[in-house]
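The file coords_6.tsv comes next; it holds TSV, C-alpha atoms.
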```tsv
chain	number	residue	atom	x	y	z
A	17	TYR	CA	0.00	0.00	0.00
A	18	LEU	CA	1.09	3.57	-0.68
A	19	ILE	CA	0.81	5.85	2.32
A	20	LYS	CA	0.31	9.56	1.66
A	21	VAL	CA	1.85	11.73	4.36
A	22	VAL	CA	-0.02	15.02	4.89
A	23	PHE	CA	2.01	18.05	5.95
A	24	ILE	CA	-0.76	20.67	5.87
A	25	PHE	CA	-1.35	22.69	9.04
A	26	GLN	CA	-4.62	24.64	8.91
A	27	PHE	CA	-4.91	27.91	10.82
A	28	LYS	CA	-7.93	30.20	11.14
A	29	LYS	CA	-7.02	32.45	8.20
A	30	PHE	CA	-4.33	30.53	6.27
A	31	PHE	CA	-2.70	27.15	5.92
A	32	VAL	CA	0.90	25.98	5.77
A	33	ASP	CA	1.77	23.06	3.53
A	34	GLN	CA	5.36	21.83	3.98
A	35	PRO	CA	5.98	18.54	2.12
A	36	ASN	CA	9.34	19.76	0.77
A	37	CYS	CA	10.59	21.81	3.72
A	38	PRO	CA	13.57	20.05	5.39
A	39	GLN	CA	12.80	21.51	8.82
A	40	LYS	CA	9.10	21.69	9.74
A	41	PHE	CA	7.95	24.60	11.87
A	42	GLY	CA	7.13	24.00	15.50
A	43	THR	CA	6.10	25.71	18.71
A	44	ASP	CA	9.15	28.01	18.63
A	45	ALA	CA	7.98	29.73	15.45
A	46	LEU	CA	4.40	30.06	16.68
A	47	ILE	CA	5.49	31.72	19.92
A	48	LEU	CA	7.84	34.07	18.07
A	49	GLY	CA	5.19	35.00	15.52
A	50	GLY	CA	2.55	35.59	18.16
A	51	TYR	CA	4.69	37.50	20.65
A	52	THR	CA	6.77	39.86	18.48
A	53	PRO	CA	5.52	43.49	18.85
A	54	LEU	CA	4.30	44.97	15.55
A	55	SER	CA	3.27	48.52	16.41
A	56	GLY	CA	4.42	50.87	13.64
A	57	VAL	CA	5.95	48.06	11.55
A	58	GLN	CA	5.64	48.83	7.83
A	59	ARG	CA	8.44	46.70	6.39
A	60	THR	CA	9.47	43.26	7.69
A	61	LEU	CA	12.21	40.79	6.76
A	62	ASP	CA	11.73	37.11	7.62
A	63	VAL	CA	15.17	35.44	7.61
A	64	GLY	CA	15.25	31.69	6.95
A	65	SER	CA	11.54	31.70	6.21
A	66	GLY	CA	11.19	27.95	5.60
A	67	SER	CA	7.56	27.20	4.80
A	68	GLY	CA	6.61	30.83	5.53
A	69	ILE	CA	4.91	30.46	8.91
A	70	LEU	CA	6.41	33.65	10.40
A	71	ALA	CA	5.77	35.75	7.28
A	72	LEU	CA	2.14	34.63	7.25
A	73	MET	CA	1.63	35.27	10.98
A	74	ILE	CA	3.12	38.76	10.65
A	75	ALA	CA	0.93	39.42	7.60
A	76	GLN	CA	-2.19	38.44	9.54
A	77	ARG	CA	-1.26	40.60	12.53
A	78	SER	CA	-0.23	43.74	10.62
A	79	GLU	CA	-0.35	45.69	7.36
A	80	SER	CA	3.40	45.31	6.88
A	81	ALA	CA	5.05	44.56	3.56
A	82	ILE	CA	7.16	41.44	4.07
A	83	ASP	CA	10.27	40.05	2.40
A	84	ALA	CA	10.89	36.35	3.08
A	85	VAL	CA	14.41	35.00	2.46
A	86	GLU	CA	15.06	31.26	2.19
A	87	ILE	CA	18.23	29.47	1.06
A	88	SER	CA	16.78	25.96	0.57
A	89	GLU	CA	15.31	25.30	-2.88
A	90	SER	CA	12.99	22.62	-1.50
A	91	ALA	CA	11.70	24.85	1.29
A	92	PHE	CA	11.31	27.70	-1.20
A	93	LYS	CA	8.78	25.62	-3.16
A	94	ASP	CA	6.59	25.39	-0.08
A	95	LEU	CA	7.18	29.04	0.80
A	96	LYS	CA	6.00	30.30	-2.60
A	97	GLN	CA	2.97	28.01	-2.57
A	98	ASN	CA	1.89	29.04	0.93
A	99	ILE	CA	2.28	32.74	0.17
A	100	GLN	CA	0.36	32.45	-3.09
A	101	CYS	CA	-2.55	30.66	-1.39
A	102	SER	CA	-2.75	33.17	1.47
A	103	PRO	CA	-4.95	36.29	1.63
A	104	TRP	CA	-1.80	38.45	1.79
A	105	ASN	CA	0.09	37.28	-1.32
A	106	ARG	CA	0.41	40.85	-2.63
A	107	ARG	CA	2.24	41.97	0.52
A	108	ILE	CA	4.74	39.10	0.83
A	109	SER	CA	7.72	38.65	-1.51
A	110	ALA	CA	9.89	35.52	-1.45
A	111	TYR	CA	13.59	35.40	-2.33
A	112	LEU	CA	15.64	32.26	-2.94
A	113	THR	CA	18.97	33.39	-1.56
A	114	SER	CA	21.15	33.45	1.54
A	115	LEU	CA	21.06	36.40	3.91
A	116	GLN	CA	24.70	37.04	3.05
A	117	LYS	CA	23.81	37.56	-0.64
A	118	PHE	CA	20.54	39.39	-0.08
A	119	LYS	CA	20.86	43.10	-0.96
A	120	PRO	CA	17.71	45.02	-0.05
A	121	THR	CA	17.32	48.62	-1.18
A	122	MET	CA	15.23	49.72	1.82
A	123	MET	CA	15.50	49.51	5.60
A	124	TYR	CA	13.31	47.31	7.79
A	125	ASP	CA	11.21	48.12	10.85
A	126	LEU	CA	11.39	44.46	11.85
A	127	ILE	CA	13.77	41.60	11.12
A	128	ILE	CA	12.44	38.33	12.48
A	129	SER	CA	14.12	34.93	12.54
A	130	ASN	CA	13.89	31.51	14.12
A	131	PRO	CA	17.60	30.98	13.46
A	132	PRO	CA	19.62	27.75	13.40
A	133	TYR	CA	21.48	27.27	16.64
A	134	PHE	CA	23.22	23.88	16.88
A	135	ASN	CA	26.76	25.19	16.62
A	136	ASN	CA	28.69	22.19	17.90
A	137	ALA	CA	26.28	19.30	17.37
A	138	LEU	CA	27.04	16.60	14.81
A	139	GLN	CA	25.69	17.51	11.38
A	140	ASN	CA	22.67	15.59	10.10
A	141	PRO	CA	23.51	13.49	7.00
A	142	ASN	CA	20.54	15.17	5.32
A	143	THR	CA	22.30	18.38	4.25
A	144	ALA	CA	19.14	20.43	3.72
A	145	ARG	CA	17.77	19.59	7.17
A	146	ALA	CA	21.19	20.09	8.74
A	147	ASN	CA	21.47	23.57	7.25
A	148	ALA	CA	18.06	24.44	8.64
A	149	ARG	CA	19.12	23.43	12.16
A	150	HIS	CA	22.83	24.31	12.30
A	151	THR	CA	24.58	27.66	12.09
A	152	SER	CA	26.82	26.51	9.23
A	153	THR	CA	24.86	28.59	6.71
A	154	LEU	CA	23.68	31.43	8.98
A	155	LEU	CA	25.97	32.48	11.80
A	156	PHE	CA	24.65	34.56	14.67
A	157	SER	CA	27.19	37.19	13.63
A	158	ASP	CA	25.70	37.31	10.11
A	159	LEU	CA	22.21	37.93	11.43
A	160	VAL	CA	23.25	40.56	13.96
A	161	SER	CA	25.50	42.37	11.50
A	162	PHE	CA	22.74	42.46	8.89
A	163	ALA	CA	20.30	43.85	11.47
A	164	LYS	CA	22.75	46.56	12.49
A	165	THR	CA	23.01	47.70	8.87
A	166	HIS	CA	19.41	47.28	7.70
A	167	LEU	CA	17.18	48.18	10.64
A	168	THR	CA	15.54	51.59	10.81
A	169	GLU	CA	16.46	53.79	13.76
A	170	SER	CA	13.56	52.43	15.81
A	171	GLY	CA	13.59	49.00	14.15
A	172	LYS	CA	13.72	45.70	16.04
A	173	LEU	CA	15.37	42.32	15.58
A	174	SER	CA	13.24	39.50	16.99
A	175	VAL	CA	14.58	35.97	17.49
A	176	ILE	CA	13.83	32.85	19.53
A	177	LEU	CA	16.70	30.78	20.91
A	178	PRO	CA	17.36	27.88	23.25
A	179	THR	CA	18.38	29.21	26.65
A	180	ILE	CA	21.91	27.79	26.24
A	181	SER	CA	22.43	29.91	23.09
A	182	VAL	CA	21.37	33.28	24.51
A	183	SER	CA	24.77	34.18	26.01
A	184	GLU	CA	26.53	33.44	22.72
A	185	PHE	CA	24.02	35.54	20.81
A	186	LYS	CA	24.40	38.38	23.31
A	187	LYS	CA	28.17	38.45	22.67
A	188	GLU	CA	27.44	39.27	19.04
A	189	LEU	CA	25.03	42.00	20.11
A	190	ASP	CA	27.68	43.53	22.38
A	191	ILE	CA	30.11	43.70	19.45
A	192	THR	CA	27.63	45.56	17.23
A	193	SER	CA	26.09	47.80	19.93
A	194	LEU	CA	22.60	46.34	19.69
A	195	TYR	CA	20.66	45.75	22.90
A	196	ILE	CA	18.04	43.34	24.22
A	197	GLU	CA	15.04	45.51	25.07
A	198	ARG	CA	12.54	42.79	25.88
A	199	LYS	CA	12.83	39.11	26.77
A	200	LEU	CA	10.24	36.35	26.96
A	201	ASP	CA	11.34	33.21	28.83
A	202	VAL	CA	9.42	30.08	27.83
A	203	LYS	CA	8.81	26.98	29.95
A	204	SER	CA	6.96	23.80	29.07
A	205	PHE	CA	5.41	23.62	32.58
A	206	SER	CA	5.43	26.01	35.52
A	207	ASP	CA	7.81	23.79	37.52
A	208	THR	CA	10.31	23.12	34.70
A	209	GLU	CA	13.36	25.03	33.49
A	210	VAL	CA	13.29	27.79	30.88
A	211	ILE	CA	13.88	26.15	27.48
A	212	ARG	CA	13.54	29.06	25.04
A	213	SER	CA	13.89	32.83	25.07
A	214	VAL	CA	12.41	35.34	22.66
A	215	LEU	CA	14.66	38.38	22.36
A	216	ILE	CA	13.43	41.75	21.08
A	217	ILE	CA	16.52	43.75	20.13
A	218	GLY	CA	16.97	47.40	19.22
A	219	ARG	CA	19.53	50.19	18.93
A	220	LYS	CA	18.86	51.89	22.28
A	221	LYS	CA	19.97	50.65	25.66
A	222	HIS	CA	17.40	50.78	28.46
A	223	THR	CA	15.96	48.71	31.28
A	224	LEU	CA	15.16	45.17	30.14
A	225	ASP	CA	11.46	44.25	30.11
A	226	LYS	CA	10.99	40.60	31.15
A	227	ASP	CA	8.00	38.39	30.36
A	228	SER	CA	7.38	34.69	30.89
A	229	LEU	CA	5.23	32.07	29.19
A	230	VAL	CA	4.27	28.59	30.34
A	231	ILE	CA	3.03	26.45	27.44
A	232	TYR	CA	1.14	23.70	29.32
A	233	ARG	CA	-1.07	23.93	32.43
A	234	GLU	CA	-0.79	20.15	32.69
A	235	LYS	CA	0.10	17.33	30.32
A	236	ASN	CA	-1.62	17.86	26.94
A	237	VAL	CA	-3.52	20.89	28.27
A	238	TYR	CA	-2.39	24.31	27.05
A	239	SER	CA	-2.10	27.18	29.53
A	240	ASN	CA	-4.42	30.18	29.35
A	241	ASP	CA	-1.47	32.44	28.45
A	242	TYR	CA	-0.49	30.21	25.52
A	243	ILE	CA	-4.09	30.08	24.30
A	244	HIS	CA	-4.38	33.87	24.56
A	245	LEU	CA	-1.14	34.35	22.64
A	246	LEU	CA	-2.25	32.20	19.71
A	247	LYS	CA	-6.06	32.40	19.80
A	248	ASP	CA	-6.14	34.27	16.48
A	249	PHE	CA	-4.36	31.36	14.78
A	250	TYR	CA	-5.20	27.94	16.26
A	251	LEU	CA	-8.52	26.48	15.13
A	252	ASP	CA	-9.07	24.92	18.56
A	253	PHE	CA	-8.49	28.12	20.54
```
Any chance you could give the structure as structure tokens?
Amino acid sequence: YLIKVVFIFQFKKFFVDQPNCPQKFGTDALILGGYTPLSGVQRTLDVGSGSGILALMIAQRSESAIDAVEISESAFKDLKQNIQCSPWNRRISAYLTSLQKFKPTMMYDLIISNPPYFNNALQNPNTARANARHTSTLLFSDLVSFAKTHLTESGKLSVILPTISVSEFKKELDITSLYIERKLDVKSFSDTEVIRSVLIIGRKKHTLDKDSLVIYREKNVYSNDYIHLLKDFYLDF
């Protein structure tokens, strides 16, 4: 028998189909897309867009024009398809290129990325999936340097990282004089360790605003905060 594997994830106002994407989106991307502040954002860059989940979430939450950059040809197929089938296809442009080769002519109010972060882990034999998960094709320094050059004066860089990678990322920020303005620490349960941090980064140094999010109230039961964050997206919320 032939078994057809379905990769479509249906949201309230769009869907994401990702049969070709080496690295499927997960909870990290959803939290980042739901939490990132969008007030005053007119131009957005989604770095390492994959199947386009962040670009589509930003499009739903704002009126921003969005550029989505993806280096993987297979992921780019899904990205283009998902954009085209969305209600916001006229506001989202997709580019098959690396961030290092991408040369925009305008500045961005927001640069958002769920970046690769496995610096020292063994590379996956599947090169496409490995590149999506490891920093071999997008170094933290590349992302931070690009943000320093291409953000507007009040623009923000928004990323989500494993807790163990935050200090390394902050070193790159210190070099380029960018500052963490807001931080969301994410736990699976209230009594477990922080596993992810969303960092909202800008050009001005001031007191750090700290937020926290617990994903589950109990096993298989989402917390009220998580439901509130993503109620405009999940069909079940």
Go ahead and compute the interatomic distance for atom CA of A:Gln58 and atom CA of A:Ile99, in Å to one decimal.
-> 18.1 Å
May I ask for the distance between atom CA of A:Asp190 and atom CA of A:Lys164, given in Å to one decimal place?
->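 It comes out at 11.5 Å.
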Take atom CA of A:Ser181 and atom CA of A:Tyr232 and report the distance between them in Å, one decimal.
->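 Rounded to one decimal, the two atoms are 23.0 Å apart.
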With 9 Å as the cut-off and only C-alpha atoms counted, what is the closest atom pair between each nearby residue of stretch 19-55 of chain A and stretch 200-223 of chain A? Distances in Å to one decimal, ordered by chain and number, as a tab-separated table.
```
residue	atom	partner	partner_atom	distance
A:Asp44	CA	A:Arg212	CA	7.8
A:Ile47	CA	A:Val214	CA	8.3
A:Leu48	CA	A:Val214	CA	6.6
A:Tyr51	CA	A:Val214	CA	8.3
A:Thr52	CA	A:Ile216	CA	7.4
A:Pro53	CA	A:Ile216	CA	8.4
```
Residues of stretch 111-222 of chain A within 8 Å of stretch 83-92 of chain A: nearest atom pair and distance (Å, one decimal) for each, counting only C-alpha atoms, sorted by chain and number, as JSON lines?
```
{"residue": "A:Tyr111", "atom": "CA", "partner": "A:Val85", "partner_atom": "CA", "distance": 4.9}
{"residue": "A:Leu112", "atom": "CA", "partner": "A:Glu86", "partner_atom": "CA", "distance": 5.3}
{"residue": "A:Thr113", "atom": "CA", "partner": "A:Ile87", "partner_atom": "CA", "distance": 4.8}
{"residue": "A:Ser114", "atom": "CA", "partner": "A:Ile87", "partner_atom": "CA", "distance": 5.0}
{"residue": "A:Leu115", "atom": "CA", "partner": "A:Val85", "partner_atom": "CA", "distance": 6.9}
{"residue": "A:Phe118", "atom": "CA", "partner": "A:Val85", "partner_atom": "CA", "distance": 8.0}
{"residue": "A:Ala144", "atom": "CA", "partner": "A:Ser88", "partner_atom": "CA", "distance": 6.8}
```
List the neighbours of A:Asp94 out to 7 Å using only C-alpha atoms; skip same-chain residues closer than 6 positions along the sequence, and give me the result as a ChimeraX atom specification.
-> /A:33-34,36-37,67
Restrict the calculation to only C-alpha atoms, then for each residue of stretch 41-151 of chain A with any atom at most 9 Å from an atom of stretch 171-174 of chain A give the closest atom pair and their distance in Å to one decimal, rows by chain and rising residue number, as a tab-separated table.
```
residue	atom	partner	partner_atom	distance
A:Leu48	CA	A:Ser174	CA	7.7
A:Thr52	CA	A:Ser174	CA	6.6
A:Pro53	CA	A:Ser174	CA	8.9
A:Val57	CA	A:Gly171	CA	8.1
A:Met123	CA	A:Gly171	CA	8.8
A:Tyr124	CA	A:Gly171	CA	6.6
A:Asp125	CA	A:Gly171	CA	4.2
A:Leu126	CA	A:Lys172	CA	5.0
A:Ile127	CA	A:Leu173	CA	4.8
A:Ile128	CA	A:Ser174	CA	4.7
A:Ser129	CA	A:Ser174	CA	6.4
A:Asn130	CA	A:Ser174	CA	8.5
```
Of the listed residues A:Gly68, A:Pro120, A:Gly42, A:Gly49, that which approaches A:Asn98 most closely, counting all atoms listed in the file |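 Checking each of A:Gly68, A:Pro120, A:Gly42, A:Gly49 against A:Asn98, counting all atoms listed in the file, the winner is A:Gly68.
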